[in-house]
$ cat work25.tsv   # TSV, C-alpha atoms
chain	number	residue	atom	x	y	z
Q	1	MET	CA	6.82	-45.10	104.71
Q	2	THR	CA	10.53	-45.60	105.37
Q	3	ARG	CA	12.42	-48.24	103.42
Q	4	ALA	CA	13.52	-51.32	105.35
Q	5	LEU	CA	17.28	-51.44	105.69
Q	6	LYS	CA	19.10	-54.11	103.71
Q	7	ASP	CA	21.59	-55.69	106.06
Q	8	ASP	CA	23.34	-58.93	106.83
Q	9	LEU	CA	23.90	-59.46	110.53
Q	10	HIS	CA	25.95	-62.66	110.49
Q	11	VAL	CA	29.15	-62.29	108.47
Q	12	HIS	CA	32.61	-63.86	108.87
Q	13	THR	CA	36.03	-62.83	107.61
Q	14	VAL	CA	39.68	-63.75	108.04
Q	15	PHE	CA	39.32	-62.94	111.73
Q	16	SER	CA	37.39	-66.23	112.04
Q	17	PRO	CA	39.47	-69.44	111.89
Q	18	ASP	CA	37.29	-70.97	109.17
Q	19	SER	CA	37.39	-68.02	106.75
Q	20	ARG	CA	40.08	-66.53	104.53
Q	21	GLN	CA	37.89	-63.67	103.34
Q	22	PRO	CA	39.34	-60.18	103.93
Q	23	MET	CA	36.94	-57.87	105.70
Q	24	GLU	CA	37.20	-55.27	102.96
Q	25	GLY	CA	36.11	-57.83	100.36
Q	26	GLN	CA	32.85	-58.27	102.23
Q	27	CYS	CA	32.43	-54.48	102.24
Q	28	ARG	CA	32.95	-54.23	98.49
Q	29	ARG	CA	30.46	-57.02	97.89
Q	30	ALA	CA	27.95	-55.32	100.18
Q	31	LEU	CA	28.11	-52.16	98.08
Q	32	GLU	CA	27.62	-54.18	94.90
Q	33	LEU	CA	24.47	-55.67	96.46
Q	34	GLY	CA	23.16	-52.31	97.64
Q	35	LEU	CA	23.31	-53.19	101.33
Q	36	ASP	CA	23.03	-50.57	104.04
Q	37	SER	CA	24.94	-52.35	106.78
Q	38	LEU	CA	26.95	-55.41	107.78
Q	39	CYS	CA	27.74	-56.94	111.13
Q	40	PHE	CA	31.02	-58.83	111.34
Q	41	THR	CA	30.28	-61.65	113.80
Q	42	GLU	CA	33.61	-63.44	114.04
Q	43	HIS	CA	33.91	-66.82	115.72
Q	44	LEU	CA	35.09	-67.12	119.29
Q	45	ASP	CA	35.27	-70.92	119.42
Q	46	PHE	CA	37.02	-73.14	121.93
Q	47	ASP	CA	37.93	-76.27	119.99
Q	48	ALA	CA	41.61	-77.15	119.69
Q	49	LEU	CA	42.00	-75.62	116.22
Q	50	SER	CA	40.33	-72.33	117.17
Q	51	LEU	CA	41.79	-71.63	120.60
Q	52	GLY	CA	43.73	-68.38	120.55
Q	53	TYR	CA	42.92	-67.61	116.91
Q	54	TYR	CA	40.58	-64.66	117.33
Q	55	ASN	CA	42.43	-61.40	117.95
Q	56	PRO	CA	39.98	-58.71	119.08
Q	57	ASP	CA	42.56	-55.90	118.98
Q	58	ALA	CA	43.39	-56.63	115.33
Q	59	TYR	CA	39.69	-57.03	114.54
Q	60	PHE	CA	38.72	-53.65	116.02
Q	61	ALA	CA	41.69	-51.94	114.35
Q	62	GLU	CA	40.66	-53.15	110.91
Q	63	LEU	CA	37.03	-52.36	111.58
Q	64	ALA	CA	37.95	-48.80	112.59
Q	65	ARG	CA	39.97	-48.38	109.37
Q	66	LEU	CA	37.10	-49.62	107.21
Q	67	ARG	CA	34.55	-47.48	109.02
Q	68	GLU	CA	36.53	-44.46	107.85
Q	69	VAL	CA	36.86	-45.79	104.30
Q	70	TYR	CA	33.14	-46.57	103.97
Q	71	ALA	CA	31.73	-43.70	106.04
Q	72	GLY	CA	28.46	-42.51	104.54
Q	73	LYS	CA	28.32	-45.55	102.24
Q	74	LEU	CA	28.00	-48.57	104.49
Q	75	GLU	CA	27.38	-48.98	108.20
Q	76	LEU	CA	29.75	-51.51	109.74
Q	77	LEU	CA	28.72	-53.09	113.03
Q	78	ALA	CA	30.96	-54.94	115.45
Q	79	GLY	CA	29.82	-58.43	116.36
Q	80	LEU	CA	30.99	-61.67	117.88
Q	81	GLU	CA	29.66	-65.22	117.67
Q	82	ILE	CA	30.51	-66.98	120.94
Q	83	SER	CA	30.36	-70.75	121.05
Q	84	GLU	CA	28.90	-72.31	124.17
Q	85	PRO	CA	28.94	-69.05	126.17
Q	86	HIS	CA	27.41	-70.85	129.15
Q	87	ASP	CA	30.61	-72.91	129.41
Q	88	HIS	CA	32.92	-69.90	129.07
Q	89	PRO	CA	31.74	-67.22	131.51
Q	90	ARG	CA	35.09	-65.43	131.67
Q	91	GLU	CA	35.28	-65.00	127.90
Q	92	LEU	CA	31.63	-63.94	127.78
Q	93	GLU	CA	32.29	-61.29	130.42
Q	94	GLN	CA	35.30	-60.03	128.47
Q	95	ALA	CA	33.16	-59.74	125.33
Q	96	GLN	CA	30.52	-57.81	127.26
Q	97	ARG	CA	33.15	-55.21	128.18
Q	98	ARG	CA	34.28	-54.61	124.61
Q	99	PRO	CA	32.46	-52.20	122.25
Q	100	TYR	CA	30.48	-54.80	120.31
Q	101	ASP	CA	27.15	-53.90	118.80
Q	102	PHE	CA	25.88	-57.47	118.67
Q	103	LEU	CA	26.69	-60.73	120.46
Q	104	LEU	CA	25.49	-64.01	119.00
Q	105	GLY	CA	25.44	-67.19	121.07
Q	106	SER	CA	25.90	-70.57	119.38
Q	107	VAL	CA	26.32	-74.22	120.20
Q	108	HIS	CA	28.85	-75.64	117.75
Q	109	TYR	CA	30.48	-78.41	119.81
Q	110	TRP	CA	28.87	-80.92	122.16
Q	111	LEU	CA	29.00	-84.64	123.02
Q	112	GLY	CA	32.61	-84.46	124.09
Q	113	GLY	CA	33.58	-81.56	121.87
Q	114	LEU	CA	32.42	-82.97	118.53
Q	115	PHE	CA	31.20	-80.83	115.64
Q	116	PRO	CA	28.01	-82.10	113.96
Q	117	SER	CA	29.83	-83.03	110.75
Q	118	GLN	CA	32.01	-85.33	112.88
Q	119	MET	CA	28.92	-86.87	114.45
Q	120	ARG	CA	27.44	-87.43	110.99
Q	121	ASP	CA	30.64	-88.97	109.63
Q	122	ARG	CA	30.84	-91.30	112.64
Q	123	LYS	CA	27.24	-92.35	111.95
Q	124	MET	CA	26.18	-91.45	115.47
Q	125	ASP	CA	22.51	-91.80	116.36
Q	126	VAL	CA	20.83	-88.64	115.11
Q	127	ARG	CA	18.16	-88.55	117.81
Q	128	HIS	CA	20.79	-88.83	120.54
Q	129	CYS	CA	22.82	-86.03	118.94
Q	130	TYR	CA	19.76	-83.79	118.85
Q	131	GLU	CA	18.73	-84.59	122.43
Q	132	ALA	CA	22.19	-83.61	123.67
Q	133	TYR	CA	22.17	-80.51	121.47
Q	134	TRP	CA	18.84	-79.24	122.80
Q	135	ALA	CA	20.08	-79.77	126.36
Q	136	GLU	CA	23.06	-77.50	125.60
Q	137	MET	CA	20.80	-74.94	123.93
Q	138	LEU	CA	18.64	-74.81	127.03
Q	139	LYS	CA	21.70	-74.20	129.21
Q	140	MET	CA	22.80	-71.43	126.86
Q	141	ALA	CA	19.37	-69.77	126.80
Q	142	ARG	CA	19.19	-69.84	130.59
Q	143	CYS	CA	22.67	-68.33	130.83
Q	144	GLY	CA	21.96	-65.29	128.63
Q	145	GLY	CA	24.39	-62.40	128.65
Q	146	PHE	CA	24.39	-62.04	124.86
Q	147	ASP	CA	21.77	-60.78	122.41
Q	148	CYS	CA	20.64	-63.46	120.01
Q	149	VAL	CA	20.54	-67.24	119.55
Q	150	ALA	CA	22.22	-68.14	116.26
Q	151	HIS	CA	21.03	-70.91	113.90
Q	152	LEU	CA	18.68	-72.53	116.42
Q	153	ASP	CA	18.44	-75.93	114.71
Q	154	PHE	CA	22.09	-76.03	113.66
Q	155	PRO	CA	22.46	-79.86	113.42
Q	156	LYS	CA	19.93	-79.79	110.57
Q	157	ARG	CA	22.61	-78.26	108.35
Q	158	TYR	CA	24.61	-81.49	108.61
Q	159	PHE	CA	22.03	-84.24	109.22
Q	160	LEU	CA	19.52	-82.72	106.75
Q	161	ARG	CA	16.69	-83.63	109.12
Q	162	LEU	CA	15.18	-82.12	112.23
Q	163	GLU	CA	14.44	-83.90	115.50
Q	164	TYR	CA	12.96	-82.16	118.52
Q	165	ASP	CA	10.56	-82.44	121.41
Q	166	PRO	CA	8.16	-79.47	121.31
Q	167	ALA	CA	8.11	-79.35	125.11
Q	168	VAL	CA	11.88	-78.88	125.21
Q	169	LEU	CA	11.69	-76.11	122.62
Q	170	ASP	CA	9.06	-74.42	124.77
Q	171	GLU	CA	11.54	-74.48	127.64
Q	172	ILE	CA	14.23	-72.95	125.43
Q	173	PHE	CA	11.95	-70.21	124.15
Q	174	ASP	CA	10.70	-69.44	127.66
Q	175	ALA	CA	14.29	-69.18	128.89
Q	176	MET	CA	15.15	-66.88	125.97
Q	177	ARG	CA	12.28	-64.60	126.87
Q	178	GLN	CA	13.42	-64.50	130.50
Q	179	THR	CA	17.02	-63.66	129.58
Q	180	GLY	CA	16.08	-61.17	126.85
Q	181	LEU	CA	17.36	-63.12	123.85
Q	182	VAL	CA	16.00	-62.86	120.32
Q	183	LEU	CA	16.20	-65.47	117.58
Q	184	GLU	CA	18.21	-65.43	114.38
Q	185	ILE	CA	16.94	-66.68	111.03
Q	186	ASN	CA	20.10	-68.06	109.44
Q	187	THR	CA	20.13	-68.71	105.71
Q	188	SER	CA	23.24	-70.90	105.41
Q	189	SER	CA	21.17	-74.09	105.52
Q	190	LEU	CA	19.89	-73.30	102.03
Q	191	ARG	CA	23.48	-73.50	100.76
Q	192	LYS	CA	24.08	-76.82	102.51
Q	193	GLY	CA	21.34	-78.91	100.95
Q	194	CYS	CA	18.45	-78.08	103.30
Q	195	ASP	CA	15.08	-77.08	101.95
Q	196	GLU	CA	14.34	-74.60	104.74
Q	197	LEU	CA	15.95	-71.83	106.75
Q	198	MET	CA	17.34	-72.21	110.27
Q	199	PRO	CA	14.84	-72.26	111.85
Q	200	GLY	CA	11.98	-72.91	109.49
Q	201	GLU	CA	8.35	-71.91	109.78
Q	202	ALA	CA	7.27	-74.52	112.34
Q	203	LEU	CA	9.85	-73.50	114.95
Q	204	LEU	CA	9.29	-69.82	114.24
Q	205	ARG	CA	5.60	-70.27	114.92
Q	206	GLN	CA	6.43	-72.01	118.19
Q	207	TYR	CA	8.79	-69.15	119.09
Q	208	MET	CA	5.94	-66.72	118.50
Q	209	ALA	CA	3.54	-68.81	120.57
Q	210	ARG	CA	5.96	-68.47	123.52
Q	211	GLY	CA	6.07	-64.70	123.16
Q	212	GLY	CA	8.85	-64.21	120.60
Q	213	GLN	CA	8.48	-61.04	118.54
Q	214	TYR	CA	11.88	-60.22	117.06
Q	215	VAL	CA	14.37	-61.90	114.74
Q	216	THR	CA	17.69	-61.00	113.18
Q	217	LEU	CA	18.61	-62.05	109.65
Q	218	GLY	CA	22.00	-63.36	108.59
Q	219	SER	CA	23.66	-65.29	105.79
Q	220	ASP	CA	26.53	-66.71	107.90
Q	221	ALA	CA	28.73	-65.89	104.89
Q	222	HIS	CA	32.38	-66.93	105.14
Q	223	VAL	CA	33.13	-65.80	101.57
Q	224	ALA	CA	31.96	-62.69	99.74
Q	225	GLU	CA	30.03	-64.74	97.18
Q	226	ASP	CA	27.65	-65.89	99.92
Q	227	LEU	CA	27.00	-62.47	101.41
Q	228	TYR	CA	23.29	-61.73	101.82
Q	229	ALA	CA	22.38	-65.04	100.15
Q	230	GLY	CA	18.85	-66.00	101.14
Q	231	VAL	CA	18.29	-62.97	103.36
Q	232	ASP	CA	15.41	-61.65	101.27
Q	233	GLU	CA	13.73	-65.05	101.65
Q	234	ALA	CA	14.31	-64.94	105.41
Q	235	ARG	CA	12.84	-61.45	105.61
Q	236	GLY	CA	9.80	-62.56	103.62
Q	237	LEU	CA	9.22	-65.50	105.95
Q	238	ALA	CA	9.59	-63.33	109.06
Q	239	GLU	CA	7.29	-60.60	107.82
Q	240	GLY	CA	4.75	-63.13	106.56
Q	241	LEU	CA	4.55	-64.48	110.11
Q	242	GLU	CA	4.44	-60.92	111.52
Q	243	LEU	CA	7.80	-61.28	113.22
Q	244	ARG	CA	9.85	-58.08	113.27
Q	245	PRO	CA	13.36	-58.16	111.80
Q	246	VAL	CA	15.65	-56.07	114.00
Q	247	ARG	CA	19.30	-55.17	114.31
Q	248	PHE	CA	21.46	-54.35	117.30
Q	249	VAL	CA	23.54	-51.20	117.73
Q	250	LYS	CA	25.57	-50.86	120.92
Q	251	ARG	CA	23.79	-53.97	122.21
Q	252	GLU	CA	20.37	-52.37	121.88
Q	253	ILE	CA	17.57	-53.32	119.52
Q	254	ARG	CA	16.95	-51.05	116.55
Q	255	ILE	CA	13.78	-51.63	114.55
$ encode --input "work25.tsv" --output "structure tokens"
Amino acid sequence: MTRALKDDLHVHTVFSPDSRQPMEGQCRRALELGLDSLCFTEHLDFDALSLGYYNPDAYFAELARLREVYAGKLELLAGLEISEPHDHPRELEQAQRRPYDFLLGSVHYWLGGLFPSQMRDRKMDVRHCYEAYWAEMLKMARCGGFDCVAHLDFPKRYFLRLEYDPAVLDEIFDAMRQTGLVLEINTSSLRKGCDELMPGEALLRQYMARGGQYVTLGSDAHVAEDLYAGVDEARGLAEGLELRPVRFVKREIRI
């Protein structure tokens, strides 16, 4: 029986506007942890502070250098986390033309371009925030064009509670199936005061009931200290539910 690869498929570095972590530091930490591979999924966000920050040419140049340095020791995959890809078709198309292994789609900003921490701090109605969020997620799932939906219940990381209509989640999962998207289990919620992963068992079971089979696993680490944190727990949850953790290489599923 072959050993399951130890990997972290959601990792950020200095090429993301909210990280100051050098890419090589994540590589060194990965070797310390005995990982087999990493995927650097840098942010392509469209808020005022992030516009123009991500430099794909510099990113691919550094990735190429590190692939030589760590050849035979650590597989380094090229990724991108695109915010609201359904609202940015030109940028999504550009990403599709570049040699990424893995494209994550996220909703980070909604309700007039607010981030959920801003909604929380403004004491906005949580149910309204979630209703608007799920509407954006449905648009994103119907759009497709990427590989995986990141941190499905993202507002939970900031509101520390989950609100959803199961019928709306069924629509999202059905749209994901139609556009060929898989679901990420993101562990960063455990570092933000939540008592479950994103998503937790209830939503994963609903994903399965709508035909979902595959998940990716990622820490969403922005510093080396958080690399791979919680990923073993995520793998245990997935395998306990008989979901198959997968990775993407050249935009194709590898089991």
$ closest_atom_pairs --input "work25.tsv" --of "stretch 39-68 of chain Q" --to "stretch 104-115 of chain Q" --cutoff "12 Å" --atoms "all atoms listed in the file" --output "Markdown table"
| residue | atom | partner | partner_atom | distance |
| --- | --- | --- | --- | --- |
| Q:Cys39 | CA | Q:Leu104 | CA | 10.8 |
| Q:Phe40 | CA | Q:Leu104 | CA | 10.8 |
| Q:Thr41 | CA | Q:Leu104 | CA | 7.5 |
| Q:Glu42 | CA | Q:Leu104 | CA | 9.5 |
| Q:His43 | CA | Q:Leu104 | CA | 9.5 |
| Q:Leu44 | CA | Q:Gly105 | CA | 9.8 |
| Q:Asp45 | CA | Q:His108 | CA | 8.1 |
| Q:Phe46 | CA | Q:Tyr109 | CA | 8.7 |
| Q:Asp47 | CA | Q:Gly113 | CA | 7.1 |
| Q:Ala48 | CA | Q:Gly113 | CA | 9.4 |
| Q:Leu49 | CA | Q:Gly113 | CA | 11.8 |
| Q:Ser50 | CA | Q:Tyr109 | CA | 11.9 |
$ residues_around --input "work25.tsv" --residues "Q:Ile172" --least-positions-apart "4" --cutoff "9 Å" --atoms "only C-alpha atoms" --output "ChimeraX atom specification"
/Q:134,137-142,167-168,176-177
$ residues_around --input "work25.tsv" --residues "Q:Ala150" --least-positions-apart "2" --cutoff "10 Å" --atoms "only C-alpha atoms" --output "ChimeraX atom specification"
/Q:10,81-83,103-107,147-148,152-154,182-186,198-199,216-218,220
$ closest_atom_pairs --input "work25.tsv" --of "stretch 95-197 of chain Q" --to "stretch 57-71 of chain Q" --cutoff "12 Å" --atoms "only C-alpha atoms" --output "CSV"
residue,atom,partner,partner_atom,distance
Q:Ala95,CA,Q:Asp57,CA,12.0
Q:Arg98,CA,Q:Phe60,CA,9.7
Q:Pro99,CA,Q:Phe60,CA,9.0
Q:Tyr100,CA,Q:Phe60,CA,9.4
Q:Asp101,CA,Q:Phe60,CA,11.9
$ atom_distance --input "work25.tsv" --atom1 "atom CA of Q:Glu32" --atom2 "atom CA of Q:His151"
26.2 Å
$ atom_distance --input "work25.tsv" --atom1 "atom CA of Q:Pro22" --atom2 "atom CA of Q:Leu92"
25.3 Å
$ closest_residue --input "work25.tsv" --among "Q:Gly79, Q:Gly52, Q:Gly34, Q:Pro89" --to "Q:Phe248" --atoms "only C-alpha atoms"
Q:Gly79
$ atom_distance --input "work25.tsv" --atom1 "atom CA of Q:Leu51" --atom2 "atom CA of Q:Arg28"
29.5 Å
$ closest_atom_pairs --input "work25.tsv" --of "stretch 22-101 of chain Q" --to "stretch 227-233 of chain Q" --cutoff "10 Å" --atoms "all atoms listed in the file" --output "tab-separated table"
residue	atom	partner	partner_atom	distance
Q:Gln26	CA	Q:Leu227	CA	7.2
Q:Cys27	CA	Q:Leu227	CA	9.7
Q:Arg29	CA	Q:Leu227	CA	7.4
Q:Ala30	CA	Q:Leu227	CA	7.3
Q:Leu33	CA	Q:Tyr228	CA	8.2
Q:Leu35	CA	Q:Tyr228	CA	8.6
Q:Leu38	CA	Q:Tyr228	CA	9.4
$ closest_residue --input "work25.tsv" --among "Q:Leu243, Q:Ala4, Q:Glu252, Q:Val14" --to "Q:Ala221" --atoms "only C-alpha atoms"
Q:Val14
$ residues_around --input "work25.tsv" --residues "Q:Pro166" --least-positions-apart "5" --cutoff "10 Å" --atoms "all atoms listed in the file" --output "ChimeraX atom specification"
/Q:171-172,203,206
$ write_last_selection --input "work25.tsv" --atoms "C-alpha atoms" --output "PDB file, in the coordinates of the input"
ATOM      1  CA  GLU Q 171      11.540 -74.480 127.640  1.00  0.00           C
ATOM      2  CA  ILE Q 172      14.230 -72.950 125.430  1.00  0.00           C
ATOM      3  CA  LEU Q 203       9.850 -73.500 114.950  1.00  0.00           C
ATOM      4  CA  GLN Q 206       6.430 -72.010 118.190  1.00  0.00           C
TER       5      GLN Q 206
END
$ residues_around --input "work25.tsv" --residues "Q:Phe159" --least-positions-apart "6" --cutoff "12 Å" --atoms "only C-alpha atoms" --output "list of chain:residue names"
Q:Phe115, Q:Pro116, Q:Ser117, Q:Gln118, Q:Met119, Q:Arg120, Q:Asp121, Q:Arg122, Q:Lys123, Q:Met124, Q:Asp125, Q:Val126, Q:Arg127, Q:Cys129, Q:Tyr130, Q:Asp153, Q:Ser189, Q:Lys192, Q:Gly193, Q:Cys194
$ closest_residue --input "work25.tsv" --among "Q:Val149, Q:Asp165, Q:Asn55, Q:Arg205" --to "Q:Ala132" --atoms "all atoms listed in the file"
Q:Asp165
